[in-house]
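Heads up, coords-v8.cif below (mmCIF, C-alpha atoms and all ligand atoms):
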data_entry
#
loop_
_atom_site.group_PDB
_atom_site.id
_atom_site.type_symbol
_atom_site.label_atom_id
_atom_site.label_comp_id
_atom_site.auth_asym_id
_atom_site.auth_seq_id
_atom_site.Cartn_x
_atom_site.Cartn_y
_atom_site.Cartn_z
ATOM 1 C CA MET A 586 -6.926 27.538 13.957
ATOM 2 C CA PRO A 587 -4.511 25.129 15.641
ATOM 3 C CA HIS A 588 -6.304 22.278 17.366
ATOM 4 C CA SER A 589 -5.907 18.670 18.491
ATOM 5 C CA PHE A 590 -7.885 15.684 17.275
ATOM 6 C CA LYS A 591 -7.967 11.911 17.603
ATOM 7 C CA THR A 592 -8.016 9.375 14.831
ATOM 8 C CA GLU A 593 -7.233 5.786 14.062
ATOM 9 C CA ALA A 594 -4.684 5.087 11.309
ATOM 10 C CA ILE A 595 -2.525 2.595 9.484
ATOM 11 C CA VAL A 596 1.091 3.711 9.086
ATOM 12 C CA LEU A 597 1.736 3.355 5.358
ATOM 13 C CA ARG A 598 5.227 4.779 5.200
ATOM 14 C CA SER A 599 7.819 6.315 7.474
ATOM 15 C CA ILE A 600 10.591 8.597 6.226
ATOM 16 C CA ARG A 601 13.577 9.870 8.207
ATOM 17 C CA TYR A 602 13.483 13.619 8.655
ATOM 18 C CA GLY A 603 16.120 15.932 10.107
ATOM 19 C CA GLU A 604 18.152 14.818 13.121
ATOM 20 C CA ALA A 605 15.698 12.690 15.039
ATOM 21 C CA ASP A 606 12.247 12.993 13.463
ATOM 22 C CA ARG A 607 10.140 10.955 11.103
ATOM 23 C CA VAL A 608 7.533 12.018 8.569
ATOM 24 C CA LEU A 609 4.702 9.510 8.359
ATOM 25 C CA HIS A 610 2.186 8.810 5.647
ATOM 26 C CA LEU A 611 -0.973 7.678 7.409
ATOM 27 C CA TYR A 612 -4.254 6.304 6.129
ATOM 28 C CA THR A 613 -7.257 7.047 8.320
ATOM 29 C CA PRO A 614 -10.926 6.005 8.200
ATOM 30 C CA ASP A 615 -12.307 9.527 8.619
ATOM 31 C CA ARG A 616 -9.696 11.832 7.052
ATOM 32 C CA GLY A 617 -8.236 9.777 4.206
ATOM 33 C CA ARG A 618 -4.525 10.326 3.698
ATOM 34 C CA LEU A 619 -2.771 12.304 6.360
ATOM 35 C CA GLY A 620 0.834 13.501 6.636
ATOM 36 C CA ALA A 621 2.257 13.770 10.130
ATOM 37 C CA ILE A 622 5.544 14.434 11.844
ATOM 38 C CA ALA A 623 6.719 12.397 14.827
ATOM 39 C CA LYS A 624 9.288 14.492 16.649
ATOM 40 C CA GLY A 625 12.310 12.965 18.335
ATOM 41 C CA VAL A 626 11.241 9.386 17.606
ATOM 42 C CA ARG A 627 14.671 8.315 16.397
ATOM 43 C CA ARG A 628 16.170 9.029 19.814
ATOM 44 C CA THR A 629 16.607 5.845 21.816
ATOM 45 C CA LYS A 630 14.557 7.131 24.718
ATOM 46 C CA SER A 631 11.514 7.969 22.595
ATOM 47 C CA ARG A 632 8.359 6.204 23.747
ATOM 48 C CA LEU A 633 6.490 6.936 20.516
ATOM 49 C CA GLY A 634 9.082 5.547 18.109
ATOM 50 C CA GLY A 635 8.493 1.814 18.332
ATOM 51 C CA ARG A 636 4.740 2.203 17.956
ATOM 52 C CA LEU A 637 4.911 4.037 14.649
ATOM 53 C CA GLU A 638 6.433 1.360 12.441
ATOM 54 C CA PRO A 639 4.896 0.973 8.957
ATOM 55 C CA LEU A 640 2.051 -1.622 8.810
ATOM 56 C CA SER A 641 0.975 -0.815 12.375
ATOM 57 C CA ARG A 642 -2.607 0.034 13.219
ATOM 58 C CA VAL A 643 -2.663 2.794 15.810
ATOM 59 C CA ARG A 644 -4.852 5.282 17.623
ATOM 60 C CA LEU A 645 -3.380 8.760 17.576
ATOM 61 C CA VAL A 646 -3.743 12.185 19.085
ATOM 62 C CA LEU A 647 -2.522 14.751 16.579
ATOM 63 C CA HIS A 648 -2.001 18.454 16.667
ATOM 64 C CA GLN A 649 -2.948 20.434 13.590
ATOM 65 C CA GLY A 650 -0.751 23.515 13.429
ATOM 66 C CA ARG A 651 -0.321 26.039 10.626
ATOM 67 C CA GLY A 652 1.893 23.817 8.497
ATOM 68 C CA GLU A 653 0.859 21.005 6.202
ATOM 69 C CA LEU A 654 1.943 18.234 8.554
ATOM 70 C CA CYS A 655 0.172 17.384 11.794
ATOM 71 C CA THR A 656 2.299 16.652 14.852
ATOM 72 C CA ILE A 657 1.809 13.371 16.681
ATOM 73 C CA SER A 658 1.484 13.810 20.419
ATOM 74 C CA GLN A 659 0.140 10.419 21.530
ATOM 75 C CA VAL A 660 0.142 6.864 20.121
ATOM 76 C CA ASP A 661 -1.684 3.731 21.236
ATOM 77 C CA THR A 662 -1.093 0.469 19.403
ATOM 78 C CA LEU A 663 -4.245 -1.288 18.202
ATOM 79 C CA ASN A 664 -2.409 -3.989 16.255
ATOM 80 C CA ALA A 665 1.322 -3.982 15.471
ATOM 81 C CA HIS A 666 0.915 -7.161 13.361
ATOM 82 C CA PRO A 667 4.015 -8.746 14.933
ATOM 83 C CA SER A 668 3.607 -12.188 13.323
ATOM 84 C CA LEU A 669 3.510 -11.034 9.722
ATOM 85 C CA ARG A 670 6.801 -9.174 10.252
ATOM 86 C CA GLU A 671 8.484 -12.492 10.946
ATOM 87 C CA ARG A 672 7.427 -14.106 7.664
ATOM 88 C CA ARG A 673 9.024 -12.729 4.543
ATOM 89 C CA GLY A 674 6.120 -13.644 2.239
ATOM 90 C CA SER A 675 3.538 -12.064 4.534
ATOM 91 C CA LEU A 676 5.672 -8.968 5.021
ATOM 92 C CA GLU A 677 6.011 -8.489 1.263
ATOM 93 C CA ARG A 678 2.246 -8.805 0.758
ATOM 94 C CA ALA A 679 1.546 -6.350 3.559
ATOM 95 C CA THR A 680 4.017 -3.862 2.113
ATOM 96 C CA GLN A 681 2.425 -4.249 -1.333
ATOM 97 C CA ALA A 682 -1.026 -3.675 0.178
ATOM 98 C CA CYS A 683 0.114 -0.434 1.847
ATOM 99 C CA GLU A 684 1.847 0.651 -1.346
ATOM 100 C CA ALA A 685 -1.368 0.113 -3.334
ATOM 101 C CA VAL A 686 -3.361 2.220 -0.853
ATOM 102 C CA LEU A 687 -0.642 4.870 -0.898
ATOM 103 C CA ARG A 688 -0.827 5.142 -4.692
ATOM 104 C CA LEU A 689 -4.597 4.872 -5.117
ATOM 105 C CA PHE A 690 -5.886 6.927 -2.208
ATOM 106 C CA ASP A 691 -3.915 10.133 -2.006
ATOM 107 C CA SER A 692 -6.630 12.594 -1.027
ATOM 108 C CA THR A 693 -7.960 13.714 2.339
ATOM 109 C CA GLU A 694 -11.386 12.408 1.358
ATOM 110 C CA SER A 695 -12.471 9.656 3.715
ATOM 111 C CA ASN A 696 -13.097 6.183 2.307
ATOM 112 C CA PRO A 697 -14.059 3.824 5.156
ATOM 113 C CA PRO A 698 -14.402 0.752 2.880
ATOM 114 C CA ALA A 699 -10.808 1.195 1.682
ATOM 115 C CA TYR A 700 -9.594 1.654 5.253
ATOM 116 C CA ASN A 701 -11.491 -1.387 6.529
ATOM 117 C CA LEU A 702 -10.222 -3.476 3.633
ATOM 118 C CA LEU A 703 -6.603 -2.593 4.413
ATOM 119 C CA CYS A 704 -7.105 -3.352 8.135
ATOM 120 C CA ASN A 705 -8.701 -6.660 7.216
ATOM 121 C CA GLU A 706 -5.881 -7.624 4.823
ATOM 122 C CA LEU A 707 -3.152 -6.783 7.349
ATOM 123 C CA GLY A 708 -5.021 -8.636 10.103
ATOM 124 C CA LEU A 709 -5.389 -11.756 7.943
ATOM 125 C CA LEU A 710 -1.747 -11.647 6.864
ATOM 126 C CA ASP A 711 -0.786 -11.470 10.529
ATOM 127 C CA LEU A 712 -2.977 -14.422 11.508
ATOM 128 C CA SER A 713 -1.869 -16.965 8.943
ATOM 129 C CA ALA A 714 0.934 -17.591 6.453
ATOM 130 C CA ASP A 715 -1.713 -18.930 4.040
ATOM 131 C CA ALA A 716 -3.092 -15.423 3.540
ATOM 132 C CA ALA A 717 0.066 -14.467 1.634
ATOM 133 C CA GLY A 718 -0.934 -16.467 -1.449
ATOM 134 C CA ARG A 719 -1.369 -14.875 -4.843
ATOM 135 C CA SER A 720 -5.157 -15.329 -4.961
ATOM 136 C CA GLN A 721 -5.789 -13.361 -1.757
ATOM 137 C CA ALA A 722 -3.414 -10.609 -2.888
ATOM 138 C CA LEU A 723 -5.376 -10.319 -6.134
ATOM 139 C CA ALA A 724 -8.717 -10.415 -4.330
ATOM 140 C CA PHE A 725 -7.482 -7.570 -2.102
ATOM 141 C CA ARG A 726 -6.438 -5.507 -5.102
ATOM 142 C CA LEU A 727 -9.754 -6.118 -6.850
ATOM 143 C CA LYS A 728 -11.722 -5.033 -3.770
ATOM 144 C CA LEU A 729 -9.505 -1.967 -3.545
ATOM 145 C CA LEU A 730 -10.486 -1.159 -7.137
ATOM 146 C CA LEU A 731 -14.122 -1.421 -6.068
ATOM 147 C CA ALA A 732 -13.533 0.896 -3.088
ATOM 148 C CA ALA A 733 -11.834 3.392 -5.411
ATOM 149 C CA GLY A 734 -14.808 3.328 -7.801
ATOM 150 C CA PHE A 735 -13.142 1.368 -10.609
ATOM 151 C CA ALA A 736 -14.777 -2.042 -10.189
ATOM 152 C CA PRO A 737 -14.687 -3.872 -13.527
ATOM 153 C CA GLU A 738 -17.888 -4.794 -15.373
ATOM 154 C CA LEU A 739 -18.095 -8.604 -15.186
ATOM 155 C CA ALA A 740 -21.752 -9.477 -15.774
ATOM 156 C CA ALA A 741 -22.125 -8.364 -19.383
ATOM 157 C CA CYS A 742 -20.030 -6.963 -22.226
ATOM 158 C CA ALA A 743 -18.648 -3.615 -21.016
ATOM 159 C CA SER A 744 -19.081 -2.170 -24.529
ATOM 160 C CA CYS A 745 -22.442 -3.392 -25.815
ATOM 161 C CA GLY A 746 -24.182 -5.199 -22.943
ATOM 162 C CA GLU A 747 -24.203 -8.610 -24.604
ATOM 163 C CA ALA A 748 -24.441 -11.329 -21.925
ATOM 164 C CA GLU A 749 -22.821 -14.236 -23.789
ATOM 165 C CA HIS A 750 -19.482 -15.118 -25.404
ATOM 166 C CA LEU A 751 -17.520 -12.989 -22.942
ATOM 167 C CA GLY A 752 -14.064 -14.398 -23.621
ATOM 168 C CA ALA A 753 -11.970 -11.246 -23.452
ATOM 169 C CA TYR A 754 -11.162 -8.321 -21.177
ATOM 170 C CA SER A 755 -10.807 -4.724 -22.249
ATOM 171 C CA PRO A 756 -9.050 -2.336 -19.834
ATOM 172 C CA SER A 757 -10.302 0.726 -21.727
ATOM 173 C CA ALA A 758 -13.927 -0.499 -21.713
ATOM 174 C CA GLY A 759 -13.433 -1.404 -18.037
ATOM 175 C CA GLY A 760 -14.532 -5.030 -18.061
ATOM 176 C CA VAL A 761 -15.230 -8.211 -19.958
ATOM 177 C CA VAL A 762 -16.159 -7.862 -23.620
ATOM 178 C CA CYS A 763 -17.879 -10.060 -26.191
ATOM 179 C CA ALA A 764 -16.429 -11.384 -29.445
ATOM 180 C CA GLY A 765 -17.821 -8.434 -31.388
ATOM 181 C CA CYS A 766 -16.171 -5.826 -29.145
ATOM 182 C CA GLU A 767 -12.723 -7.359 -28.836
ATOM 183 C CA ALA A 768 -10.634 -4.428 -30.115
ATOM 184 C CA GLY A 769 -7.995 -3.488 -27.555
ATOM 185 C CA SER A 770 -8.735 -6.524 -25.409
ATOM 186 C CA PHE A 771 -6.854 -9.658 -24.336
ATOM 187 C CA PRO A 772 -8.183 -13.189 -23.762
ATOM 188 C CA LEU A 773 -9.795 -13.845 -20.396
ATOM 189 C CA GLY A 774 -10.606 -17.505 -19.821
ATOM 190 C CA GLU A 775 -13.625 -18.827 -18.013
ATOM 191 C CA GLU A 776 -11.652 -19.641 -14.856
ATOM 192 C CA ALA A 777 -10.151 -16.157 -14.681
ATOM 193 C CA HIS A 778 -13.589 -14.605 -15.213
ATOM 194 C CA ARG A 779 -15.054 -16.773 -12.466
ATOM 195 C CA PHE A 780 -12.173 -15.888 -10.153
ATOM 196 C CA LEU A 781 -12.860 -12.162 -10.585
ATOM 197 C CA VAL A 782 -16.597 -12.582 -9.976
ATOM 198 C CA MET A 783 -16.114 -14.726 -6.866
ATOM 199 C CA ALA A 784 -13.286 -12.606 -5.443
ATOM 200 C CA LEU A 785 -15.563 -9.557 -5.561
ATOM 201 C CA ALA A 786 -18.555 -11.394 -4.095
ATOM 202 C CA ARG A 787 -16.833 -13.199 -1.230
ATOM 203 C CA PRO A 788 -15.211 -11.827 1.907
ATOM 204 C CA LEU A 789 -11.435 -11.468 1.652
ATOM 205 C CA VAL A 790 -10.830 -14.374 4.031
ATOM 206 C CA GLU A 791 -12.663 -16.657 1.594
ATOM 207 C CA ALA A 792 -10.766 -15.537 -1.512
ATOM 208 C CA PRO A 793 -11.272 -18.188 -4.215
ATOM 209 C CA SER A 794 -8.378 -20.145 -5.649
ATOM 210 C CA ALA A 795 -7.702 -20.647 -9.340
ATOM 211 C CA PRO A 796 -5.005 -22.152 -11.581
ATOM 212 C CA GLU A 797 -1.878 -20.007 -12.104
ATOM 213 C CA GLN A 798 -2.770 -19.150 -15.682
ATOM 214 C CA ALA A 799 -6.195 -17.851 -14.616
ATOM 215 C CA LEU A 800 -4.619 -15.814 -11.827
ATOM 216 C CA ALA A 801 -2.156 -14.320 -14.321
ATOM 217 C CA GLN A 802 -5.041 -13.196 -16.532
ATOM 218 C CA ALA A 803 -6.915 -11.782 -13.546
ATOM 219 C CA ASP A 804 -3.744 -9.967 -12.476
ATOM 220 C CA ARG A 805 -3.413 -8.392 -15.911
ATOM 221 C CA ALA A 806 -7.089 -7.362 -15.947
ATOM 222 C CA ILE A 807 -6.779 -5.672 -12.549
ATOM 223 C CA ALA A 808 -3.420 -4.016 -13.287
ATOM 224 C CA GLU A 809 -4.409 -2.649 -16.706
ATOM 225 C CA THR A 810 -7.767 -1.365 -15.421
ATOM 226 C CA LEU A 811 -5.854 0.545 -12.739
ATOM 227 C CA GLU A 812 -3.400 1.916 -15.268
ATOM 228 C CA TYR A 813 -6.067 2.976 -17.730
ATOM 229 C CA HIS A 814 -8.648 4.466 -15.365
ATOM 230 C CA ALA A 815 -6.730 5.450 -12.224
ATOM 231 C CA HIS A 816 -3.391 6.196 -13.934
ATOM 232 C CA VAL A 817 -1.660 4.141 -11.286
ATOM 233 C CA ARG A 818 0.915 1.505 -12.160
ATOM 234 C CA LEU A 819 1.471 -1.170 -9.519
ATOM 235 C CA ARG A 820 3.895 -4.053 -9.564
ATOM 236 C CA ARG A 821 2.213 -7.258 -10.728
ATOM 237 C CA VAL A 822 1.167 -9.772 -8.077
ATOM 238 C CA ALA A 823 3.626 -12.606 -8.652
HETATM 239 ZN ZN ZN B 1 -19.912 -6.437 -26.907
#
Using the file provided, produce a representation of the structure as structure tokens.
Amino acid sequence: MPHSFKTEAIVLRSIRYGEADRVLHLYTPDRGRLGAIAKGVRRTKSRLGGRLEPLSRVRLVLHQGRGELCTISQVDTLNAHPSLRERRGSLERATQACEAVLRLFDSTESNPPAYNLLCNELGLLDLSADAAGRSQALAFRLKLLLAAGFAPELAACASCGEAEHLGAYSPSAGGVVCAGCEAGSFPLGEEAHRFLVMALARPLVEAPSAPEQALAQADRAIAETLEYHAHVRLRRVA
């Protein structure tokens, strides 16, 4: 039955459609991924158009018709994140964050932690240029892994449970591994291990820092875990 409903959303992507419309990929706290059409928004007189830019956090009234796409009838801006759009580094991080959510969360199942994490990341990127560093981007991605149910095992060997000599990471085992279970793993130094543990434990705004080499190892651990378990390949966090 056709009906209208309200929801909050982050605009992940906006694609031109037909003469004057746009198709939007939205991420919502209560309905997961949602596809919607914004009619006439590419006309200069449209009032909706400017509020539906990617990376914006909005409150929407949508109409669910018979088709797959909802139609947007009302938009209120909650946060357009205007400052991050003016800094190239911040803009790139924000786009990467939306891309990661787009690839990892493609169902209509709600996942409030994933939604809140994305809102938090975009808000922080808007507030300060410092948030665009590599360590926060990695901490975001790691927390996204947790929200998606793929958090790596970091406390003990992911294969045998051994608690010591955890100098390697195995994407297939899904975490750190001991010297006896190293097959298919790569070296993960102490600083990289500590970075992963602290990034998961702390709030995003307090993402730990680490030397470049440790961040590179953490990046690889996160990326290969995603590839192996979620079958999603994301660009590395340079
Ligand atoms: Zn082991």
*Interatomic distance (Å, one decimal) between atom CA of Leu739 of chain A and atom CA of Arg719 of chain A*: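 Taking atom CA of Leu739 of chain A as the start and atom CA of Arg719 of chain A as the end point, the length is 20.6 Å.
Using the PyMOL selection byres (((not hetatm)) within 9 of (chain B and resi 1)) on this structure selects Ala741, Cys742, Ala743, Ser744, Cys745, Gly746, Glu747, Ala748, Glu749, His750, Leu751, Val761, Val762, Cys763, Ala764, Gly765, Cys766 and Glu767 of chain A.
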*asked:* Assuming the chain letters and numbering stay as they are in my file, what does the PyMOL selection byres (((chain A and resi 713) around 12) and not hetatm) actually select? List them as a list in words.
replied: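 So the PyMOL selection byres (((chain A and resi 713) around 12) and not hetatm), applied here, picks out His666, Pro667, Ser668, Leu669, Arg670, Glu671, Arg672, Gly674, Ser675, Leu676, Glu706, Leu707, Gly708, Leu709, Leu710, Asp711, Leu712, Ala714, Asp715, Ala716, Ala717, Gly718, Gln721 and Val790 of chain A.
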*Given the choices A:Leu689, A:Val608, A:Ala732, A:Val782, which gets closest to Gly620 of chain A if the distance is worked out from all atoms listed in the file?*
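Looking only at the distances to Gly620 of chain A, the closest residue turns out to be A:Val608.
With distances restricted to only C-alpha atoms, A:Gln659 is the closest residue to Leu645 of chain A from A:Ser755, A:Gln659, A:Ser589, A:Thr629.
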*asked:* Given the point (-8.2, -13.7, -4.5) in the file's coordinates, find the residues that have an atom at most 12 Å from it, counting only C-alpha atoms, and give them as a PyMOL selection string.
replied: chain A and resi 706+715-729+777+779-797+799-801+803-804+807+822
Go through the shown structure with the PyMOL selection byres (((chain A and resi 810-816) around 12) and not hetatm) and write out the matching residues as a PDB file with C-alpha atoms, in the coordinates of the input.
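Result file follows (expr-v9.pdb):
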ATOM      1  CA  ALA A 685      -1.368   0.113  -3.334  1.00  0.00           C
ATOM      2  CA  ARG A 688      -0.827   5.142  -4.692  1.00  0.00           C
ATOM      3  CA  LEU A 689      -4.597   4.872  -5.117  1.00  0.00           C
ATOM      4  CA  PHE A 690      -5.886   6.927  -2.208  1.00  0.00           C
ATOM      5  CA  ASP A 691      -3.915  10.133  -2.006  1.00  0.00           C
ATOM      6  CA  ARG A 726      -6.438  -5.507  -5.102  1.00  0.00           C
ATOM      7  CA  LEU A 727      -9.754  -6.118  -6.850  1.00  0.00           C
ATOM      8  CA  LEU A 729      -9.505  -1.967  -3.545  1.00  0.00           C
ATOM      9  CA  LEU A 730     -10.486  -1.159  -7.137  1.00  0.00           C
ATOM     10  CA  LEU A 731     -14.122  -1.421  -6.068  1.00  0.00           C
ATOM     11  CA  ALA A 733     -11.834   3.392  -5.411  1.00  0.00           C
ATOM     12  CA  GLY A 734     -14.808   3.328  -7.801  1.00  0.00           C
ATOM     13  CA  PHE A 735     -13.142   1.368 -10.609  1.00  0.00           C
ATOM     14  CA  ALA A 736     -14.777  -2.042 -10.189  1.00  0.00           C
ATOM     15  CA  PRO A 737     -14.687  -3.872 -13.527  1.00  0.00           C
ATOM     16  CA  GLU A 738     -17.888  -4.794 -15.373  1.00  0.00           C
ATOM     17  CA  TYR A 754     -11.162  -8.321 -21.177  1.00  0.00           C
ATOM     18  CA  SER A 755     -10.807  -4.724 -22.249  1.00  0.00           C
ATOM     19  CA  PRO A 756      -9.050  -2.336 -19.834  1.00  0.00           C
ATOM     20  CA  SER A 757     -10.302   0.726 -21.727  1.00  0.00           C
ATOM     21  CA  ALA A 758     -13.927  -0.499 -21.713  1.00  0.00           C
ATOM     22  CA  GLY A 759     -13.433  -1.404 -18.037  1.00  0.00           C
ATOM     23  CA  GLY A 760     -14.532  -5.030 -18.061  1.00  0.00           C
ATOM     24  CA  VAL A 761     -15.230  -8.211 -19.958  1.00  0.00           C
ATOM     25  CA  GLY A 769      -7.995  -3.488 -27.555  1.00  0.00           C
ATOM     26  CA  SER A 770      -8.735  -6.524 -25.409  1.00  0.00           C
ATOM     27  CA  ALA A 803      -6.915 -11.782 -13.546  1.00  0.00           C
ATOM     28  CA  ASP A 804      -3.744  -9.967 -12.476  1.00  0.00           C
ATOM     29  CA  ARG A 805      -3.413  -8.392 -15.911  1.00  0.00           C
ATOM     30  CA  ALA A 806      -7.089  -7.362 -15.947  1.00  0.00           C
ATOM     31  CA  ILE A 807      -6.779  -5.672 -12.549  1.00  0.00           C
ATOM     32  CA  ALA A 808      -3.420  -4.016 -13.287  1.00  0.00           C
ATOM     33  CA  GLU A 809      -4.409  -2.649 -16.706  1.00  0.00           C
ATOM     34  CA  VAL A 817      -1.660   4.141 -11.286  1.00  0.00           C
ATOM     35  CA  ARG A 818       0.915   1.505 -12.160  1.00  0.00           C
ATOM     36  CA  LEU A 819       1.471  -1.170  -9.519  1.00  0.00           C
ATOM     37  CA  ARG A 820       3.895  -4.053  -9.564  1.00  0.00           C
ATOM     38  CA  ARG A 821       2.213  -7.258 -10.728  1.00  0.00           C
TER      39      ARG A 821
END
*Dump as a PyMOL selection string all residues having an atom at most 12 Å from (1.5, 21.8, 15.9), computed in the file's coordinates with only C-alpha atoms.*
chain A and resi 586-590+621-624+646-658
Do a neighbour search on Val626 of chain A at 12 Å with all atoms listed in the file, toss out local chain neighbours closer than 6 positions, and write the hits as a compact mmCIF listing (two decimals) with C-alpha atoms, in the frame of the given file.
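Done, and the output landed in selection-v8.txt:
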# COMPACT_ATOMS: atom_id res chain seq x y z
CA SER A 599 7.82 6.32 7.47
CA ILE A 600 10.59 8.60 6.23
CA ARG A 601 13.58 9.87 8.21
CA TYR A 602 13.48 13.62 8.65
CA GLY A 603 16.12 15.93 10.11
CA GLU A 604 18.15 14.82 13.12
CA ALA A 605 15.70 12.69 15.04
CA ASP A 606 12.25 12.99 13.46
CA ARG A 607 10.14 10.96 11.10
CA VAL A 608 7.53 12.02 8.57
CA LEU A 609 4.70 9.51 8.36
CA ARG A 632 8.36 6.20 23.75
CA LEU A 633 6.49 6.94 20.52
CA GLY A 634 9.08 5.55 18.11
CA GLY A 635 8.49 1.81 18.33
CA ARG A 636 4.74 2.20 17.96
CA LEU A 637 4.91 4.04 14.65
CA GLU A 638 6.43 1.36 12.44
CA THR A 656 2.30 16.65 14.85
CA ILE A 657 1.81 13.37 16.68
CA SER A 658 1.48 13.81 20.42
CA GLN A 659 0.14 10.42 21.53
CA VAL A 660 0.14 6.86 20.12
*Which residue out of A:His610, A:Ala594, A:Asn696, A:Ser631 has the minimum interatomic distance to Thr662 of chain A when all atoms listed in the file are used?*
A:Ala594
*Closest to Gln681 of chain A among A:Gly617, A:Gly752, A:Gly625, A:Pro639, using all atoms listed in the file?*
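Closest residue, counting all atoms listed in the file: A:Pro639.
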Using all atoms listed in the file, determine which residues lie at most 8 Å from Leu663 of chain A, disregarding the query and same-chain residues fewer than 4 positions distant; provide the list as a PDB file with C-alpha atoms, keeping the file's coordinate frame.
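Printed below is out_20.pdb as written:
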ATOM      1  CA  SER A 641       0.975  -0.815  12.375  1.00  0.00           C
ATOM      2  CA  ARG A 642      -2.607   0.034  13.219  1.00  0.00           C
ATOM      3  CA  VAL A 643      -2.663   2.794  15.810  1.00  0.00           C
ATOM      4  CA  ARG A 644      -4.852   5.282  17.623  1.00  0.00           C
TER       5      ARG A 644
END
*Nearest to Ala679 of chain A among A:Pro614, A:Ser692, A:Lys591, A:Arg598, with distances taken over all atoms listed in the file: which residue is it?*
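Nearest to Ala679 of chain A: A:Arg598.
Here atom CA of Glu684 of chain A and atom CA of His778 of chain A stand 25.8 Å from one another.
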